[in-house]
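What follows is the content of protein-v4.cif (mmCIF, C-alpha atoms and all ligand atoms).
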```cif
data_run
loop_
_atom_site.label_atom_id
_atom_site.label_comp_id
_atom_site.auth_asym_id
_atom_site.auth_seq_id
_atom_site.Cartn_x
_atom_site.Cartn_y
_atom_site.Cartn_z
CA MET A 5 -98.23 89.76 57.44
CA ASP A 6 -98.25 86.15 58.62
CA LEU A 7 -95.34 83.69 58.68
CA ASP A 8 -96.11 82.12 55.26
CA HIS A 9 -95.93 85.52 53.57
CA LEU A 10 -92.61 86.30 55.24
CA THR A 11 -91.17 82.97 54.18
CA VAL A 12 -92.24 83.57 50.58
CA LEU A 13 -90.72 87.08 50.60
CA PHE A 14 -87.51 85.75 52.09
CA ALA A 15 -87.39 83.00 49.48
CA ILE A 16 -87.92 85.51 46.66
CA GLY A 17 -85.23 87.76 48.15
CA ALA A 18 -82.83 84.83 48.41
CA VAL A 19 -83.48 83.84 44.80
CA CYS A 20 -82.89 87.45 43.66
CA VAL A 21 -79.58 87.65 45.55
CA PHE A 22 -78.57 84.27 44.13
CA ILE A 23 -79.38 85.42 40.58
CA MET A 24 -77.47 88.69 41.06
CA VAL A 25 -74.41 86.95 42.47
CA THR A 26 -74.51 84.42 39.62
CA VAL A 27 -74.77 87.17 37.01
CA LEU A 28 -71.87 89.10 38.59
CA LEU A 29 -69.69 85.99 38.76
CA TYR A 30 -70.57 85.10 35.17
CA GLN A 31 -69.66 88.64 34.01
CA ARG A 32 -66.37 88.49 35.86
CA HIS A 33 -65.63 85.09 34.37
CA LYS A 34 -66.42 86.44 30.87
CA LYS A 35 -64.12 89.43 31.41
CA GLU A 36 -61.28 87.17 32.53
CA GLN A 37 -61.82 84.90 29.56
CA ALA A 38 -61.64 87.90 27.24
CA ARG A 39 -58.42 89.06 28.92
CA PHE A 40 -56.86 85.60 28.59
CA ALA A 41 -57.90 85.41 24.95
CA LEU A 42 -56.31 88.81 24.29
CA GLU A 43 -53.09 87.79 25.99
CA ALA A 44 -52.99 84.51 24.09
CA GLU A 45 -53.51 86.38 20.84
CA LYS A 46 -50.68 88.79 21.72
CA ASN A 47 -48.37 85.89 22.58
CA ASP A 48 -49.25 84.10 19.34
CA LYS A 49 -48.50 87.25 17.38
CA LEU A 50 -45.15 87.68 19.13
CA GLN A 51 -44.30 84.02 18.57
CA THR A 52 -45.15 84.32 14.87
CA GLN A 53 -43.00 87.43 14.59
CA LEU A 54 -40.07 85.71 16.30
CA GLU A 55 -40.41 82.66 14.08
CA ALA A 56 -40.51 84.84 10.97
CA LYS A 57 -37.42 86.69 12.16
CA ALA A 58 -35.58 83.41 12.82
CA ARG A 59 -36.62 82.07 9.40
CA GLN A 60 -35.34 85.23 7.72
CA ALA A 61 -32.06 85.10 9.66
CA LEU A 62 -31.57 81.47 8.63
CA LYS A 63 -32.42 82.30 5.02
CA ASP A 64 -29.83 85.09 5.04
CA ALA A 65 -27.26 82.78 6.65
CA VAL A 66 -27.92 80.07 4.04
CA GLU A 67 -27.56 82.64 1.26
CA ALA A 68 -24.34 83.91 2.84
CA GLY A 69 -23.11 80.30 2.90
CA THR A 70 -22.47 80.17 6.65
CA HIS A 71 -25.37 77.83 7.51
CA LEU A 72 -27.24 74.88 6.06
CA PRO A 73 -31.04 74.93 5.58
CA THR A 74 -31.25 72.56 8.57
CA GLY A 75 -29.93 75.40 10.76
CA HIS A 76 -26.51 73.82 11.34
CA LYS A 77 -23.38 75.90 10.87
CA ARG A 78 -21.58 74.94 7.69
CA CYS A 79 -17.99 73.65 7.59
CA LEU A 80 -15.60 76.57 6.96
CA VAL A 81 -13.72 74.74 4.20
CA GLU A 82 -14.65 76.32 0.88
CA GLU A 83 -17.45 74.56 -0.98
CA CYS A 84 -17.79 71.84 1.68
CA PRO A 85 -21.52 71.07 1.85
CA LEU A 86 -21.38 69.39 5.28
CA ALA A 87 -22.34 70.62 8.72
CA ALA A 88 -19.57 71.78 11.05
CA THR A 89 -19.50 69.39 13.98
CA LYS A 90 -15.87 69.64 15.10
CA PRO A 91 -13.98 72.56 16.70
CA GLY A 92 -11.47 74.50 14.63
CA ILE A 93 -7.67 74.15 14.96
CA VAL A 94 -5.40 76.66 16.68
CA PHE A 95 -1.71 77.16 17.49
CA ALA A 96 -1.70 77.02 21.27
CA ARG A 97 1.12 78.85 23.05
CA GLY A 98 2.69 76.99 25.95
CA GLU A 99 1.28 78.66 29.08
CA GLY A 100 2.79 76.55 31.86
CA TRP A 101 5.13 78.13 34.42
CA GLN A 102 8.16 76.60 32.66
CA ASP A 103 7.10 78.35 29.45
CA TYR A 104 6.71 81.60 31.34
CA VAL A 105 10.17 81.32 32.89
CA LYS A 106 11.71 80.43 29.54
CA ARG A 107 10.11 83.45 27.93
CA LEU A 108 11.38 85.67 30.77
CA PHE A 109 14.90 84.65 29.75
CA GLY A 110 14.24 85.52 26.15
CA ALA A 111 13.26 82.13 24.73
CA PRO A 112 10.74 82.33 21.88
CA PRO A 113 7.21 81.05 22.61
CA ARG A 114 6.61 77.40 21.78
CA TYR A 115 3.44 76.38 19.99
CA THR A 116 1.49 73.16 19.64
CA VAL A 117 -1.40 72.30 17.34
CA LYS A 118 -4.67 71.86 19.20
CA ALA A 119 -8.42 71.81 18.64
CA LYS A 120 -10.25 74.83 20.01
CA LYS A 121 -11.55 74.50 23.56
CA LYS A 122 -14.63 72.40 24.21
CA GLY A 123 -17.84 74.37 24.16
CA THR A 124 -16.72 76.68 21.35
CA GLU A 125 -18.82 76.77 18.20
CA PRO A 126 -17.73 74.06 15.74
CA ASP A 127 -15.87 75.21 12.61
CA LEU A 128 -15.18 72.06 10.63
CA CYS A 129 -16.83 68.86 9.46
CA GLU A 130 -15.76 65.40 10.60
CA GLY A 131 -13.50 64.84 7.58
CA HIS A 132 -11.89 68.25 7.31
CA GLN A 133 -10.80 68.65 10.92
CA PRO A 134 -8.00 66.04 10.70
CA LEU A 135 -6.89 67.60 7.41
CA ALA A 136 -6.78 71.06 9.02
CA ARG A 137 -4.75 69.58 11.89
CA GLU A 138 -2.18 68.18 9.44
CA VAL A 139 -2.01 71.50 7.58
CA ALA A 140 -1.41 73.31 10.88
CA LYS A 141 1.30 70.80 11.90
CA GLU A 142 3.07 71.25 8.57
CA ARG A 143 2.96 75.05 8.94
CA LEU A 144 4.26 74.87 12.50
CA ALA A 145 7.14 72.67 11.36
CA ARG A 146 8.02 75.31 8.74
CA HIS A 147 7.85 77.99 11.42
CA GLU A 148 10.31 76.03 13.59
CA GLN A 149 12.61 75.45 10.63
CA LYS A 150 12.58 79.19 9.80
CA ARG A 151 13.38 80.04 13.40
CA VAL A 152 16.30 77.59 13.52
CA THR A 153 17.64 78.83 10.16
CA LEU A 154 17.40 82.45 11.32
CA MET A 155 19.24 81.64 14.55
CA MET A 156 21.96 79.75 12.68
CA GLU A 157 22.40 82.62 10.22
CA GLU A 158 22.59 85.09 13.08
CA GLU A 159 25.19 82.96 14.88
CA ALA A 160 27.26 82.63 11.71
CA GLU A 161 27.10 86.42 11.27
CA LEU A 162 28.18 86.94 14.85
CA ALA A 163 31.13 84.57 14.44
CA HIS A 164 32.13 86.35 11.22
CA PHE A 165 31.95 89.70 12.99
CA GLU A 166 34.15 88.36 15.78
CA HIS A 167 36.85 87.36 13.29
CA VAL A 168 36.61 90.10 10.72
CA GLY A 169 34.06 92.78 11.49
CA LEU A 170 35.12 93.62 15.02
CA ILE A 171 38.59 94.89 14.09
CA SER A 172 37.46 96.56 10.89
CA ARG A 173 34.63 98.43 12.70
CA THR A 174 36.98 99.45 15.51
CA SER A 175 39.52 100.69 12.94
CA GLU A 176 36.80 102.64 11.22
CA LEU A 177 35.73 104.38 14.45
CA ALA A 178 39.35 105.06 15.43
CA LYS A 179 39.95 106.65 12.04
CA LYS A 180 36.93 108.86 12.47
CA ALA A 181 38.17 109.91 15.90
CA ARG A 182 41.62 110.78 14.46
CA GLU A 183 40.05 112.83 11.73
CA MET A 184 38.13 114.78 14.34
CA GLY A 185 41.34 115.48 16.27
CA GLY A 186 40.66 113.19 19.17
CA ARG A 187 42.75 110.34 20.46
CA VAL A 188 42.02 107.14 22.22
CA VAL A 189 42.79 107.35 25.93
CA SER A 190 42.53 104.35 28.20
CA ILE A 191 40.77 104.64 31.54
CA GLN A 192 44.10 104.17 33.39
CA GLN A 193 45.67 107.03 31.46
CA ARG A 194 42.66 109.19 32.29
CA ARG A 195 43.07 108.48 35.99
CA VAL A 196 46.77 109.33 35.89
CA GLY A 197 46.15 112.50 33.96
CA GLY A 198 43.45 113.52 36.45
ZN ZN A 201 -15.93 70.06 5.55
#
```
With the file now loaded, output its structure as structure tokens.
Amino acid sequence: MDLDHLTVLFAIGAVCVFIMVTVLLYQRHKKEQARFALEAEKNDKLQTQLEAKARQALKDAVEAGTHLPTGHKRCLVEECPLAATKPGIVFARGEGWQDYVKRLFGAPPRYTVKAKKKGTEPDLCEGHQPLAREVAKERLARHEQKRVTLMMEEEAELAHFEHVGLISRTSELAKKAREMGGRVVSIQQRRVGG
């Protein structure tokens, strides 16, 4: 075999190897493409399912009256058609150290009217939040008035008891003691008597 023949054989061999490598690479590429396509299809399916679920949830929420078709939460005020954009109103208890000390000594908790903390889900529309605040203020004023009235009534009762009830209750108990054969003995008398 001379040099020309060897060169031709080598060239044919090289072409064969090149073709085989190309075919293998092409097959691998095809396989990867098929895998990507399958994954994309799976993801699309999942996405469609999630979207359908979200649509159904929104539909249910709209039917229940808690949300608007735009996806916004609806104002909690009955029959208000607007979106809730403002936080709800709460009675906030004083939580400073002075409040704590006051409560330790038996003072009743003091409340103020406040909007819910920032970051909480809105409850009311722009127009109804100020109205809710006024309603809460009015109710808190009534609460204070009730508390003051109760305290005044209790003080009046206590004063009445001091003047009238104290002696009459003592007499009543003394009478009961007499009926049971006992007698009232002071502490000094007890000491003397041993
Ligand atoms: Zn509203």
Using only C-alpha atoms and all ligand atoms, what are the residues with an atom within 6 Å of ligand ZN 201 (chain A), set out as a ChimeraX atom specification? /A:79,81,84,86,128-129,132
So that I can see what lies close to range 150-155 of chain A, please list as a PyMOL selection string the residues with an atom at most 12 Å from it, counting all atoms listed in the file and leaving out residues fewer than 5 positions away in the same chain. chain A and resi 111-114+143-145+160-162
Using all atoms listed in the file, list the residues that have an atom at most 7 Å from (-5.3, 75.3, 14.6), coordinates as in the file, as a ChimeraX atom specification. /A:92-95,117-119,137,140
Take the residues from that selection and write them out as a PDB file, in the coordinates of the input, keeping C-alpha atoms.
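And here's again-v1.pdb as it stands now:
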```pdb
ATOM      1  CA  GLY A  92     -11.470  74.500  14.630  1.00  0.00           C
ATOM      2  CA  ILE A  93      -7.670  74.150  14.960  1.00  0.00           C
ATOM      3  CA  VAL A  94      -5.400  76.660  16.680  1.00  0.00           C
ATOM      4  CA  PHE A  95      -1.710  77.160  17.490  1.00  0.00           C
ATOM      5  CA  VAL A 117      -1.400  72.300  17.340  1.00  0.00           C
ATOM      6  CA  LYS A 118      -4.670  71.860  19.200  1.00  0.00           C
ATOM      7  CA  ALA A 119      -8.420  71.810  18.640  1.00  0.00           C
ATOM      8  CA  ARG A 137      -4.750  69.580  11.890  1.00  0.00           C
ATOM      9  CA  ALA A 140      -1.410  73.310  10.880  1.00  0.00           C
TER      10      ALA A 140
END
```
Between CA of Thr124 in chain A and CA of Pro91 in chain A, what is the distance, to one decimal in Å?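 So the two atoms, CA of Thr124 in chain A and CA of Pro91 in chain A, lie 6.8 Å apart.
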For CA of Glu138 in chain A and CA of Gly100 in chain A, determine how far apart the two atoms are, in Å to one decimal place. 24.4 Å
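Coordinates place CA of His76 in chain A at a distance of 13.2 Å from CA of Arg59 in chain A.
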